[in-house]
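**Student:** My structure file structure-v3.cif, mmCIF, C-alpha atoms, is below:
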data_final
#
loop_
_atom_site.label_atom_id
_atom_site.label_comp_id
_atom_site.auth_asym_id
_atom_site.auth_seq_id
_atom_site.Cartn_x
_atom_site.Cartn_y
_atom_site.Cartn_z
CA MET A 9 84.16 16.67 40.20
CA ALA A 10 82.67 15.16 37.14
CA THR A 11 79.03 14.57 37.23
CA ASP A 12 76.94 11.49 36.88
CA ASN A 13 74.57 13.10 34.43
CA SER A 14 72.93 16.12 35.93
CA GLY A 15 75.88 16.02 38.08
CA GLY A 16 77.01 13.32 35.72
CA GLY A 17 77.33 9.68 34.88
CA GLY A 18 73.88 8.50 35.81
CA GLY A 19 71.72 7.57 32.83
CA GLY A 20 70.06 4.28 32.28
CA GLY A 21 69.98 1.99 29.29
CA SER A 22 70.51 -1.62 28.38
CA ASN A 23 74.32 -1.39 28.49
CA ARG A 24 74.24 -0.07 32.06
CA GLU A 25 71.81 -2.78 33.12
CA HIS A 26 74.01 -5.45 31.51
CA ASP A 27 77.14 -4.08 33.22
CA LEU A 28 75.33 -3.92 36.55
CA SER A 29 74.13 -7.52 36.19
CA ASP A 30 77.68 -8.73 35.53
CA SER A 31 79.02 -6.75 38.51
CA LEU A 32 76.37 -8.17 40.83
CA LYS A 33 77.16 -11.70 39.68
CA THR A 34 80.86 -11.11 40.34
CA PHE A 35 80.11 -9.84 43.85
CA GLY A 36 77.88 -12.85 44.46
CA ALA A 37 80.64 -15.21 43.35
CA VAL A 38 83.08 -13.54 45.77
CA LEU A 39 80.60 -13.90 48.62
CA LYS A 40 79.98 -17.56 47.78
CA ALA A 41 83.71 -18.33 47.69
CA LEU A 42 84.28 -16.67 51.06
CA ARG A 43 81.31 -18.47 52.59
CA GLU A 44 82.48 -21.86 51.34
CA GLU A 45 86.01 -21.13 52.56
CA ALA A 46 84.51 -20.57 56.01
CA GLY A 47 82.81 -23.97 55.79
CA LEU A 48 79.27 -22.59 55.97
CA THR A 49 76.22 -23.62 54.01
CA GLN A 50 74.09 -20.89 52.50
CA GLU A 51 71.46 -21.45 55.20
CA GLU A 52 74.04 -21.28 58.00
CA PHE A 53 75.51 -18.07 56.63
CA ALA A 54 72.05 -16.50 56.27
CA GLN A 55 71.31 -17.32 59.89
CA ARG A 56 74.62 -15.83 61.08
CA VAL A 57 74.03 -12.51 59.24
CA GLN A 58 70.31 -12.49 60.11
CA TYR A 59 69.04 -12.52 56.54
CA SER A 60 66.50 -14.94 55.15
CA ALA A 61 68.02 -17.88 53.27
CA ALA A 62 66.20 -16.79 50.11
CA TYR A 63 67.62 -13.27 50.35
CA ALA A 64 71.18 -14.51 50.91
CA ALA A 65 70.78 -16.83 47.93
CA LYS A 66 69.68 -13.99 45.67
CA ILE A 67 72.72 -11.93 46.66
CA GLU A 68 75.02 -14.84 45.77
CA GLN A 69 73.17 -15.31 42.47
CA GLY A 70 73.66 -11.64 41.57
CA LYS A 71 69.94 -10.93 41.69
CA ARG A 72 69.98 -8.48 44.60
CA PHE A 73 72.18 -5.49 45.41
CA PRO A 74 74.09 -6.25 48.66
CA PRO A 75 73.02 -4.19 51.70
CA SER A 76 75.59 -1.67 52.93
CA ASP A 77 75.91 -3.47 56.28
CA LEU A 78 76.64 -6.88 54.77
CA PRO A 79 80.45 -6.77 55.33
CA SER A 80 80.07 -5.84 59.02
CA ARG A 81 77.39 -8.48 59.55
CA ALA A 82 79.53 -11.08 57.81
CA GLU A 83 82.71 -10.49 59.84
CA PRO A 84 81.79 -12.73 62.81
CA ALA A 85 80.85 -15.52 60.39
CA LEU A 86 83.65 -15.20 57.82
CA GLY A 87 86.49 -13.60 59.76
CA ALA A 88 88.12 -10.17 59.63
CA ALA A 89 90.21 -10.80 56.50
CA ALA A 90 87.25 -12.09 54.51
CA ALA A 91 85.11 -9.16 55.68
CA LYS A 92 87.74 -6.74 54.38
CA VAL A 93 87.69 -8.46 50.98
CA LEU A 94 83.91 -8.33 50.95
CA GLY A 95 83.93 -4.67 51.95
CA ALA A 96 86.34 -3.76 49.15
CA ALA A 97 84.19 -5.66 46.64
CA ALA A 98 81.07 -3.89 47.91
CA ARG A 99 82.67 -0.43 47.64
CA SER A 100 83.81 -1.12 44.09
CA LEU A 101 80.35 -2.34 43.15
CA THR A 102 78.63 0.65 44.75
CA ARG A 103 80.89 3.14 43.03
CA ARG A 104 80.39 1.71 39.58
CA ALA A 105 76.91 0.18 39.60
CA GLY A 106 74.98 3.43 39.27
CA LEU A 107 77.32 4.97 36.71
CA ALA A 108 76.40 4.98 33.05
CA SER A 109 78.77 2.99 30.83
CA TRP A 110 79.73 6.14 28.93
CA PHE A 111 80.79 7.82 32.20
CA ARG A 112 82.87 5.05 33.73
CA GLN A 113 86.08 5.80 31.84
CA TRP A 114 86.11 9.31 33.28
CA ALA A 115 85.19 7.98 36.74
CA GLY A 116 88.33 5.85 36.60
CA ILE A 117 90.44 8.83 35.57
CA GLU A 118 89.15 11.05 38.36
CA GLU A 119 89.92 8.36 40.96
CA GLU A 120 93.62 8.56 40.07
CA ALA A 121 93.95 12.27 39.25
CA VAL A 122 96.33 14.57 41.09
CA SER A 123 94.33 17.64 39.99
CA LEU A 124 90.62 17.83 39.16
CA TYR A 125 88.91 20.90 37.70
CA ALA A 126 85.21 21.37 37.01
CA TYR A 127 83.09 24.13 35.52
CA GLU A 128 79.34 23.51 35.73
CA CYS A 129 76.39 25.43 34.34
CA ARG A 130 73.73 22.67 34.49
CA ALA A 131 73.83 21.22 38.00
CA ILE A 132 76.12 21.22 41.02
CA PRO A 133 79.10 18.91 40.31
CA GLY A 134 78.45 15.35 41.50
CA LEU A 135 81.30 15.42 44.02
CA LEU A 136 79.68 18.39 45.78
CA GLN A 137 76.08 17.19 45.94
CA PRO A 138 74.53 16.39 49.34
CA GLU A 139 72.12 13.46 49.40
CA PRO A 140 68.88 15.53 49.39
CA TYR A 141 70.04 17.34 46.24
CA ILE A 142 71.01 14.05 44.59
CA ARG A 143 67.56 12.63 45.30
CA ALA A 144 65.89 15.77 43.95
CA ILE A 145 67.75 15.23 40.67
CA PHE A 146 66.90 11.54 40.32
CA ASP A 147 63.27 12.11 41.35
CA GLN A 148 62.92 14.26 38.24
CA ARG A 149 64.79 11.96 35.86
CA LEU A 150 63.03 11.06 32.60
CA PRO A 151 62.12 8.40 31.82
CA PRO A 152 61.19 7.87 35.50
CA LEU A 153 63.38 5.59 37.61
CA THR A 154 62.21 2.84 39.94
CA GLU A 155 62.96 3.16 43.65
CA GLU A 156 65.66 0.48 43.30
CA GLN A 157 67.30 2.36 40.41
CA ILE A 158 67.24 5.59 42.41
CA GLU A 159 68.85 3.92 45.42
CA THR A 160 71.56 2.37 43.24
CA GLN A 161 72.43 5.67 41.59
CA VAL A 162 72.32 7.65 44.84
CA SER A 163 74.70 5.11 46.39
CA ALA A 164 77.03 5.37 43.40
CA ARG A 165 77.21 9.13 43.56
CA LEU A 166 77.76 9.17 47.32
CA GLY A 167 80.44 6.51 46.79
CA ARG A 168 82.29 8.74 44.33
CA GLN A 169 82.37 11.50 46.93
CA ARG A 170 84.80 9.42 49.00
CA LEU A 171 87.45 10.89 46.70
CA LEU A 172 87.36 14.09 48.75
CA ASP A 173 88.36 12.08 51.83
CA GLU A 174 90.59 9.49 50.19
CA ARG A 175 92.70 11.90 48.09
CA PRO A 176 93.80 14.76 50.39
CA ASN A 177 96.75 15.46 48.07
CA THR A 178 94.55 15.97 45.03
CA ALA A 179 93.86 19.62 44.19
CA PHE A 180 90.14 20.11 43.49
CA SER A 181 88.86 23.24 41.78
CA PHE A 182 85.19 23.97 41.12
CA VAL A 183 83.64 26.93 39.30
CA ILE A 184 79.85 26.91 39.63
CA GLU A 185 77.26 29.24 38.15
CA GLU A 186 75.28 31.21 40.74
CA ALA A 187 72.15 30.39 38.72
CA LEU A 188 72.37 26.78 39.94
CA LEU A 189 71.71 27.98 43.49
CA VAL A 190 69.16 30.61 42.53
CA ARG A 191 67.17 27.85 40.81
CA ARG A 192 66.52 26.11 44.18
CA MET A 193 66.42 22.59 42.78
CA GLY A 194 64.33 20.50 45.18
CA GLY A 195 63.03 23.53 47.09
CA ALA A 196 64.30 25.92 49.75
CA GLU A 197 65.15 23.28 52.36
CA VAL A 198 67.22 21.24 49.90
CA THR A 199 68.98 24.43 48.83
CA LYS A 200 69.82 25.26 52.46
CA GLN A 201 71.40 21.85 52.90
CA LEU A 202 73.22 22.26 49.58
CA ILE A 203 74.72 25.60 50.61
CA ASP A 204 75.77 24.20 53.99
CA TYR A 205 77.43 21.29 52.20
CA LEU A 206 79.22 23.57 49.73
CA LEU A 207 80.55 25.70 52.59
CA ALA A 208 81.82 22.59 54.39
CA GLN A 209 83.51 21.11 51.32
CA GLY A 210 84.97 24.47 50.30
CA ALA A 211 86.65 24.70 53.70
CA ARG A 212 88.85 21.71 52.88
CA ARG A 213 92.51 22.59 52.40
CA ASN A 214 92.64 20.97 48.95
CA VAL A 215 89.31 22.29 47.61
CA GLU A 216 88.88 25.63 45.83
CA LEU A 217 85.25 26.64 45.29
CA GLN A 218 84.30 29.69 43.23
CA ILE A 219 80.91 31.03 42.21
CA MET A 220 80.42 32.69 38.81
CA PRO A 221 78.01 35.57 39.52
CA LEU A 222 74.80 36.03 37.57
CA GLN A 223 75.98 39.38 36.27
CA GLN A 224 79.35 38.88 34.58
CA GLU A 225 80.01 40.66 31.31
CA ASP A 226 83.26 38.78 30.66
CA HIS A 227 82.69 35.03 30.69
CA GLY A 228 85.07 32.35 29.40
CA GLY A 229 82.57 29.50 29.68
CA ILE A 230 80.28 30.39 26.80
CA ASP A 231 80.87 26.96 25.21
CA GLY A 232 79.48 25.17 28.25
CA LEU A 233 80.59 22.81 31.00
CA MET A 234 84.07 21.32 31.16
CA TYR A 235 86.04 18.91 33.31
CA LEU A 236 89.80 18.52 33.40
CA ALA A 237 92.05 16.02 35.15
CA GLU A 238 95.81 15.83 35.63
CA THR A 239 96.96 12.22 35.63
CA PRO A 240 99.71 10.80 37.89
CA ALA A 241 102.00 11.11 34.83
CA HIS A 242 101.17 14.87 34.79
CA GLU A 243 99.26 14.69 31.53
CA TRP A 244 95.96 16.54 31.22
CA VAL A 245 92.70 15.03 29.98
CA GLY A 246 89.44 16.82 29.25
CA TYR A 247 85.88 15.61 29.53
CA LEU A 248 82.52 16.87 28.24
CA GLU A 249 79.06 15.36 28.56
CA GLY A 250 75.52 15.99 27.41
CA GLN A 251 72.32 14.07 26.75
CA GLN A 252 73.26 10.47 27.59
CA THR A 253 76.67 10.80 25.99
CA SER A 254 80.18 12.02 26.71
CA VAL A 255 83.48 12.88 25.03
CA LEU A 256 86.94 12.23 26.43
CA ILE A 257 89.45 14.77 25.08
CA THR A 258 93.09 13.73 24.95
CA THR A 259 94.51 15.70 21.98
CA PRO A 260 97.07 18.08 23.58
CA LYS A 261 95.94 21.04 21.47
CA ASN A 262 92.29 20.68 22.46
CA VAL A 263 93.10 20.02 26.12
CA SER A 264 95.28 23.16 26.09
CA ILE A 265 92.31 25.18 24.84
CA MET A 266 90.18 23.86 27.69
CA LEU A 267 92.88 24.71 30.24
CA GLN A 268 93.10 28.26 28.87
CA ARG A 269 89.35 28.67 29.13
CA TYR A 270 89.23 27.23 32.63
CA GLY A 271 92.01 29.57 33.72
CA LYS A 272 90.01 32.51 32.37
CA LEU A 273 86.90 31.31 34.23
CA ARG A 274 88.80 31.19 37.52
CA SER A 275 89.96 34.77 37.02
CA GLN A 276 86.40 35.94 36.25
CA ALA A 277 84.57 34.11 39.04
CA LEU A 278 84.36 35.34 42.62
CA ASP A 279 87.41 34.39 44.66
CA CYS A 280 87.05 31.84 47.46
CA ARG A 281 86.43 34.38 50.23
CA ALA A 282 83.86 36.31 48.18
CA THR A 283 82.23 32.99 47.31
CA VAL A 284 81.84 32.15 51.01
CA ARG A 285 80.29 35.56 51.67
CA LEU A 286 77.81 35.11 48.80
CA LEU A 287 76.86 31.60 49.93
CA GLU A 288 76.30 32.78 53.49
CA LYS A 289 74.15 35.67 52.22
CA MET A 290 72.09 33.31 50.06
CA ARG A 291 71.73 30.90 52.96
CA GLY A 292 70.43 33.67 55.21
CA ALA A 293 67.85 34.72 52.63
CA LEU A 294 66.23 31.27 52.44
#
Step by step, read the file and then write its structure as structure tokens.

**Tutor:**
Amino acid sequence: MATDNSGGGGGGGSNREHDLSDSLKTFGAVLKALREEAGLTQEEFAQRVQYSAAYAAKIEQGKRFPPSDLPSRAEPALGAAAAKVLGAAARSLTRRAGLASWFRQWAGIEEEAVSLYAYECRAIPGLLQPEPYIRAIFDQRLPPLTEEQIETQVSARLGRQRLLDERPNTAFSFVIEEALLVRRMGGAEVTKQLIDYLLAQGARRNVELQIMPLQQEDHGGIDGLMYLAETPAHEWVGYLEGQQTSVLITTPKNVSIMLQRYGKLRSQALDCRATVRLLEKMRGAL
């Protein structure tokens, strides 16, 4: 659900860089504490995990993003318990590092939600984007991103998608404009992989995926994209985003309006079975 900007929460900016720097330093401090607890010097630890001493030092100093295999490499040197702590710290860092500061509040809400609804007319929702589609989006980002920035943001978006595995009791609903598939972002091969991914995610018991057809005279989404979340306290929150900004909607009256509109959208879009048939037809035509 929610995006990370073009599938939402991705933009750059000095605030994001500052937040990322602080997060990297915190991870480095955790790694240093665990290493010292194990009685290892920095050089000894680097040798055990098969990194250069300089590289290990930069990770501890918060100057390098930790590799995804660091926790597994560190387990023989630090022990199973320490590796679990390091793994949890790495997952938290990965999830948040590539998210714009203005998106992070919503990212926290969606992680706890018992229901998540999304209507998208700009790009496929971030939770439903396969990696090739994510890369196609960030390759076209303006101003251009460095390779390191792209990798960080791709990792963050893929990290958010763990919600679909980690929250099997959360009800996910997505209404997506057919135009987003007709556009073929990234080319025909990327679109094939996207459709395959949508079919796989839509087959989950707790995921409802609906396509809004190109020709639809009655359309409740004329005011644009919307995201809605039901909190564990069964209160609803709305979310909107645009050019490097976002709005969290908590006023009951305004959230009620969004829920009414989303309900209308669900009644106007193709049902789940018709959506599967359309996706399969589009996949065959590529």

**Student:** When you count all atoms listed in the file, which of these residues is closest to Ala65 in chain A: A:Gly292, A:Pro133, A:Gly36, A:Gly228?

**Tutor:**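 For Ala65 in chain A, the nearest of the candidates is A:Gly36.
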
**Student:** I'd like the residues picked by the PyMOL selection byres ((chain A and resi 162) around 9) written out as a PyMOL selection string, using the chain letters and numbers from the file.

**Tutor:** chain A and resi 106+139+142-143+146+157-161+163-167

**Student:** What box, with edges along x, y and z, holds each listed atom of range 196-208 of chain A when 8 Å is added on every side, and can you state its centre and edge lengths in Å to one decimal, as lines of an AutoDock Vina configuration file?

**Tutor:**
center_x = 73.1
center_y = 23.6
center_z = 51.6
size_x = 33.5
size_y = 20.7
size_z = 21.6

**Student:** Between A:His227, A:Arg112, A:Arg56, A:Arg72, which has the minimum distance to Ala85 in chain A (counting all atoms listed in the file)?

**Tutor:**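 The closest residue to Ala85 in chain A is A:Arg56.
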
**Student:** By how many Å are CA of Ile184 in chain A and CA of Ala277 in chain A apart?

**Tutor:**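 Interatomic distance here is 8.6 Å.
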